[in-house]
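J.: Here you go, one structure.
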Amino acid sequence: MMKINIEANTYVYPNPVTLVGTEVEGRANFMALGWVSRVNAKPPLVGIGVNRLHFTAKGIQETKTFSINYPSADMIEVSDYCGIVSGKKVDKSNVLEFFYGYLKTAPMMTESTLCMECKLVDTIELPSNHFFIGEIIAAYTEEKYLTDGKPDIKKMNPLLLTMPDNRYWTVGEYAGKAWSIGKKLKK
Ligand SMILES: Cc1cc2nc3c(=O)[nH]c(=O)nc-3n(C[C@H](O)[C@H](O)[C@H](O)COP(=O)(O)O)c2cc1C
């Protein structure tokens with residue numbers, strides 16, 4: 001098999017599309033974010049890569065809190081909009097309804113299938129981004145998105161992103177049970 005060498009600026013994909021909620025200059029703001037990952041289990045930590053020029057970065061630094069919201073694929077237009085316009089120029093607090101949990105400065109989008117409110121615990125400075133690490137203080141969803149009490153990706157129908165071709169996708173088919181199917185190869 002012949003591998004070809006493609007550009008190094010290649011991405012881990014697909015990325016879930018998330019909307020990061022912050023309170024900036026006294027108002028709620030939401031930005032689209034693909035670079036999100038769980039980075040620790042206990043305590044539950046999540047990391048997000050946010051360009052230091054974004055309005056969102058200012059909000060997280062000011063309040064030391066943020067939220068991560070998972071839009072369904074039905075929210076594709078509003079999600080993209082939140083990734084095209086900046087809160088520096090446009091008031092994005094009225095794009096959709098939002099609510100607050102324990103942290104009073106981490107607005108969460110009501111229409112999202114899953115919302116997590118996070119307290120900033122660390123920041124790693126990268127050449128153009130802040131890598132903000134937050135502890136998930138609480139997560140919110142609705143009964144209709146759960147199967148056996150756990151978030152069900154098929155019911156949530158999240159929006160996925162591939163880069164660098166910059167295209168949105170929906171979830172495909174169930175392929176097998178993780179931490180299990182590989183046991184067949186154990187000797
Ligand atoms: C699908 C999508 C994903 C994005 N992912 C990121 C990301 O992971 N990190 C980032 O810094 N900007 C990302 N952006 C760009 C910001 O969302 C965009 O610049 C936004 O306008 C910033 O808003 P703000 O200035 O109100 O914070 C993404 C944009 C889109 C459309």
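Order determines the names: the first chain of the structure tokens is A, the second B, and so forth; residues in each chain are numbered 1 upward, and ligands are numbered 1 upward as they are shown.
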I want to know what sits within 8 Å of region 13-29 of chain A, based on only C-alpha atoms, with residues of the same chain fewer than 3 positions away left out; could you give that as a ChimeraX atom specification?

T.: /A:32-36,55-56,58-60,62-63,65-71,79,82,87,91-93,105-109,158-163

J.: Would you list the contacts of Ala73 (chain A) as an NGL selection string, taking every protein, DNA or RNA residue within 9 Å and counting only C-alpha atoms, but skipping same-chain residues closer than 3 positions in sequence?

T.: :A and (76-77 or 156-160 or 168-170)

J.: Just asking: which residues within chain A are strand (DSSP E) according to DSSP, as number ranges by chain?

T.: A: 15-16, 18-24, 27-33, 36-40, 45-51, 65-70, 98-99, 108-109, 114-125, 129-140, 146-147, 150-151, 160-162, 167-169

J.: Next, the residues of the selection above should be written as an mmCIF file, in the first residue's frame with C-alpha atoms.

T.:
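Output contents, as saved in selection-v6.cif:
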data_model
loop_
_atom_site.group_PDB
_atom_site.id
_atom_site.type_symbol
_atom_site.label_atom_id
_atom_site.label_comp_id
_atom_site.auth_asym_id
_atom_site.auth_seq_id
_atom_site.Cartn_x
_atom_site.Cartn_y
_atom_site.Cartn_z
ATOM 1 C CA ASN A 15 -15.084 17.233 15.499
ATOM 2 C CA PRO A 16 -18.391 17.690 17.275
ATOM 3 C CA THR A 18 -20.209 22.868 20.022
ATOM 4 C CA LEU A 19 -21.296 26.330 21.068
ATOM 5 C CA VAL A 20 -19.271 27.873 23.846
ATOM 6 C CA GLY A 21 -21.321 30.126 26.098
ATOM 7 C CA THR A 22 -19.730 32.989 27.966
ATOM 8 C CA GLU A 23 -20.707 36.216 29.606
ATOM 9 C CA VAL A 24 -18.698 39.036 28.039
ATOM 10 C CA ARG A 27 -24.041 39.932 28.093
ATOM 11 C CA ALA A 28 -24.336 36.325 26.967
ATOM 12 C CA ASN A 29 -22.262 35.302 23.949
ATOM 13 C CA PHE A 30 -22.034 32.037 21.996
ATOM 14 C CA MET A 31 -19.276 30.977 19.596
ATOM 15 C CA ALA A 32 -18.995 27.856 17.437
ATOM 16 C CA LEU A 33 -16.142 25.593 18.492
ATOM 17 C CA VAL A 36 -13.115 20.378 22.194
ATOM 18 C CA SER A 37 -12.012 17.281 24.069
ATOM 19 C CA ARG A 38 -12.443 15.537 27.393
ATOM 20 C CA VAL A 39 -8.965 15.558 28.947
ATOM 21 C CA ASN A 40 -9.519 13.934 32.366
ATOM 22 C CA LEU A 45 -12.103 18.038 32.750
ATOM 23 C CA VAL A 46 -12.668 19.335 29.252
ATOM 24 C CA GLY A 47 -10.267 21.335 27.081
ATOM 25 C CA ILE A 48 -11.141 23.867 24.392
ATOM 26 C CA GLY A 49 -8.860 25.671 21.926
ATOM 27 C CA VAL A 50 -9.976 29.289 21.583
ATOM 28 C CA ASN A 51 -8.199 31.877 19.467
ATOM 29 C CA THR A 65 -16.337 30.110 33.611
ATOM 30 C CA PHE A 66 -17.833 28.904 30.316
ATOM 31 C CA SER A 67 -20.386 26.454 29.001
ATOM 32 C CA ILE A 68 -20.211 23.860 26.225
ATOM 33 C CA ASN A 69 -23.441 23.256 24.338
ATOM 34 C CA TYR A 70 -24.121 20.539 21.769
ATOM 35 C CA PHE A 98 -30.473 30.467 27.229
ATOM 36 C CA PHE A 99 -30.440 29.633 30.937
ATOM 37 C CA MET A 108 -26.315 27.596 28.324
ATOM 38 C CA MET A 109 -28.414 27.272 25.177
ATOM 39 C CA LEU A 114 -26.521 18.621 26.019
ATOM 40 C CA CYS A 115 -25.129 21.555 28.013
ATOM 41 C CA MET A 116 -22.184 21.462 30.371
ATOM 42 C CA GLU A 117 -21.240 24.290 32.712
ATOM 43 C CA CYS A 118 -17.535 24.546 33.410
ATOM 44 C CA LYS A 119 -15.248 26.290 35.854
ATOM 45 C CA LEU A 120 -11.866 27.322 34.433
ATOM 46 C CA VAL A 121 -9.082 25.410 36.194
ATOM 47 C CA ASP A 122 -6.093 25.968 33.917
ATOM 48 C CA THR A 123 -5.007 27.757 30.762
ATOM 49 C CA ILE A 124 -2.226 26.610 28.455
ATOM 50 C CA GLU A 125 -0.877 29.301 26.169
ATOM 51 C CA ASN A 129 -4.869 29.939 20.967
ATOM 52 C CA HIS A 130 -5.604 29.649 24.631
ATOM 53 C CA PHE A 131 -6.227 26.036 25.583
ATOM 54 C CA PHE A 132 -8.748 26.510 28.377
ATOM 55 C CA ILE A 133 -9.261 23.555 30.690
ATOM 56 C CA GLY A 134 -12.534 23.541 32.564
ATOM 57 C CA GLU A 135 -14.005 21.301 35.218
ATOM 58 C CA ILE A 136 -17.527 20.217 34.336
ATOM 59 C CA ILE A 137 -19.619 21.297 37.309
ATOM 60 C CA ALA A 138 -22.926 20.035 35.935
ATOM 61 C CA ALA A 139 -24.364 18.651 32.701
ATOM 62 C CA TYR A 140 -27.958 19.064 31.491
ATOM 63 C CA LEU A 146 -31.326 9.347 26.866
ATOM 64 C CA THR A 147 -31.229 5.574 26.547
ATOM 65 C CA LYS A 150 -27.076 7.842 29.124
ATOM 66 C CA PRO A 151 -26.878 10.368 26.293
ATOM 67 C CA LEU A 160 -20.176 17.095 13.143
ATOM 68 C CA LEU A 161 -17.448 19.018 11.376
ATOM 69 C CA THR A 162 -14.576 17.903 9.182
ATOM 70 C CA ARG A 167 -18.102 20.496 5.937
ATOM 71 C CA TYR A 168 -20.882 19.557 8.336
ATOM 72 C CA TRP A 169 -22.112 15.972 8.785
#

J.: DSSP on the backbone: what in chain A comes out helix (DSSP H, G or I), as a VMD selection string?

T.: chain A and resid 55 to 63 73 to 82 143 to 145 153 to 156 181 to 185

J.: Which residue gives the smallest distance to ligand 1 among A:Glu7, A:Asp152, A:Asp165, A:Glu97, with only C-alpha atoms and all ligand atoms counted?

T.: A:Asp165

J.: Would you mind reading off the distance between CA of Val90 (chain A) and CA of Thr141 (chain A), one decimal, in Å?

T.: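 CA of Val90 (chain A) sits 28.2 Å away from CA of Thr141 (chain A).
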
J.: Find the residues around region 174-179 of chain A up to 12 Å (only C-alpha atoms counted), leave out those fewer than 4 positions away in its own chain, and share them as a list in words.

T.: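 Near neighbours after the sequence-gap exclusion: Asp152, Ile153, Lys154, Lys183 and Lys184 of chain A.
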
J.: For the residues selected in the previous step, produce a file with N, CA, C and O atoms as a PDB file, in the first residue's frame.

T.:
ATOM      1  N   ASP A 152     -27.715   9.463  24.220  1.00  0.00           N
ATOM      2  CA  ASP A 152     -27.757   8.576  23.060  1.00  0.00           C
ATOM      3  C   ASP A 152     -27.517   9.417  21.806  1.00  0.00           C
ATOM      4  O   ASP A 152     -28.330  10.265  21.441  1.00  0.00           O
ATOM      5  N   ILE A 153     -26.399   9.153  21.168  1.00  0.00           N
ATOM      6  CA  ILE A 153     -25.970  10.007  20.050  1.00  0.00           C
ATOM      7  C   ILE A 153     -26.983  10.015  18.904  1.00  0.00           C
ATOM      8  O   ILE A 153     -27.159  11.033  18.221  1.00  0.00           O
ATOM      9  N   LYS A 154     -27.680   8.903  18.706  1.00  0.00           N
ATOM     10  CA  LYS A 154     -28.668   8.858  17.623  1.00  0.00           C
ATOM     11  C   LYS A 154     -29.841   9.782  17.923  1.00  0.00           C
ATOM     12  O   LYS A 154     -30.375  10.450  17.041  1.00  0.00           O
ATOM     13  N   LYS A 183     -11.799  -7.655  22.305  1.00  0.00           N
ATOM     14  CA  LYS A 183     -11.457  -8.807  23.163  1.00  0.00           C
ATOM     15  C   LYS A 183     -11.365 -10.099  22.356  1.00  0.00           C
ATOM     16  O   LYS A 183     -10.700 -11.042  22.758  1.00  0.00           O
ATOM     17  N   LYS A 184     -12.053 -10.097  21.208  1.00  0.00           N
ATOM     18  CA  LYS A 184     -12.017 -11.289  20.347  1.00  0.00           C
ATOM     19  C   LYS A 184     -10.590 -11.641  19.939  1.00  0.00           C
ATOM     20  O   LYS A 184     -10.289 -12.780  19.637  1.00  0.00           O
TER      21      LYS A 184
END

J.: Would you mind reading off the distance between atom 5 (N, counted along the ligand's line) of ligand 1 and CA of Ile4 (chain A), one decimal, in Å?

T.: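 The value is 27.3 Å.
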
J.: One decimal, Å: what's the distance from atom 27 (O, counted along the ligand's line) of ligand 1 over to CA of Gly172 (chain A), could you say?

T.: 29.9 Å

J.: Determine the nearest neighbour of ligand 1 from the options A:Asn166, A:Tyr102, A:Leu126, A:Thr113, counting only C-alpha atoms and all ligand atoms.

T.: A:Asn166
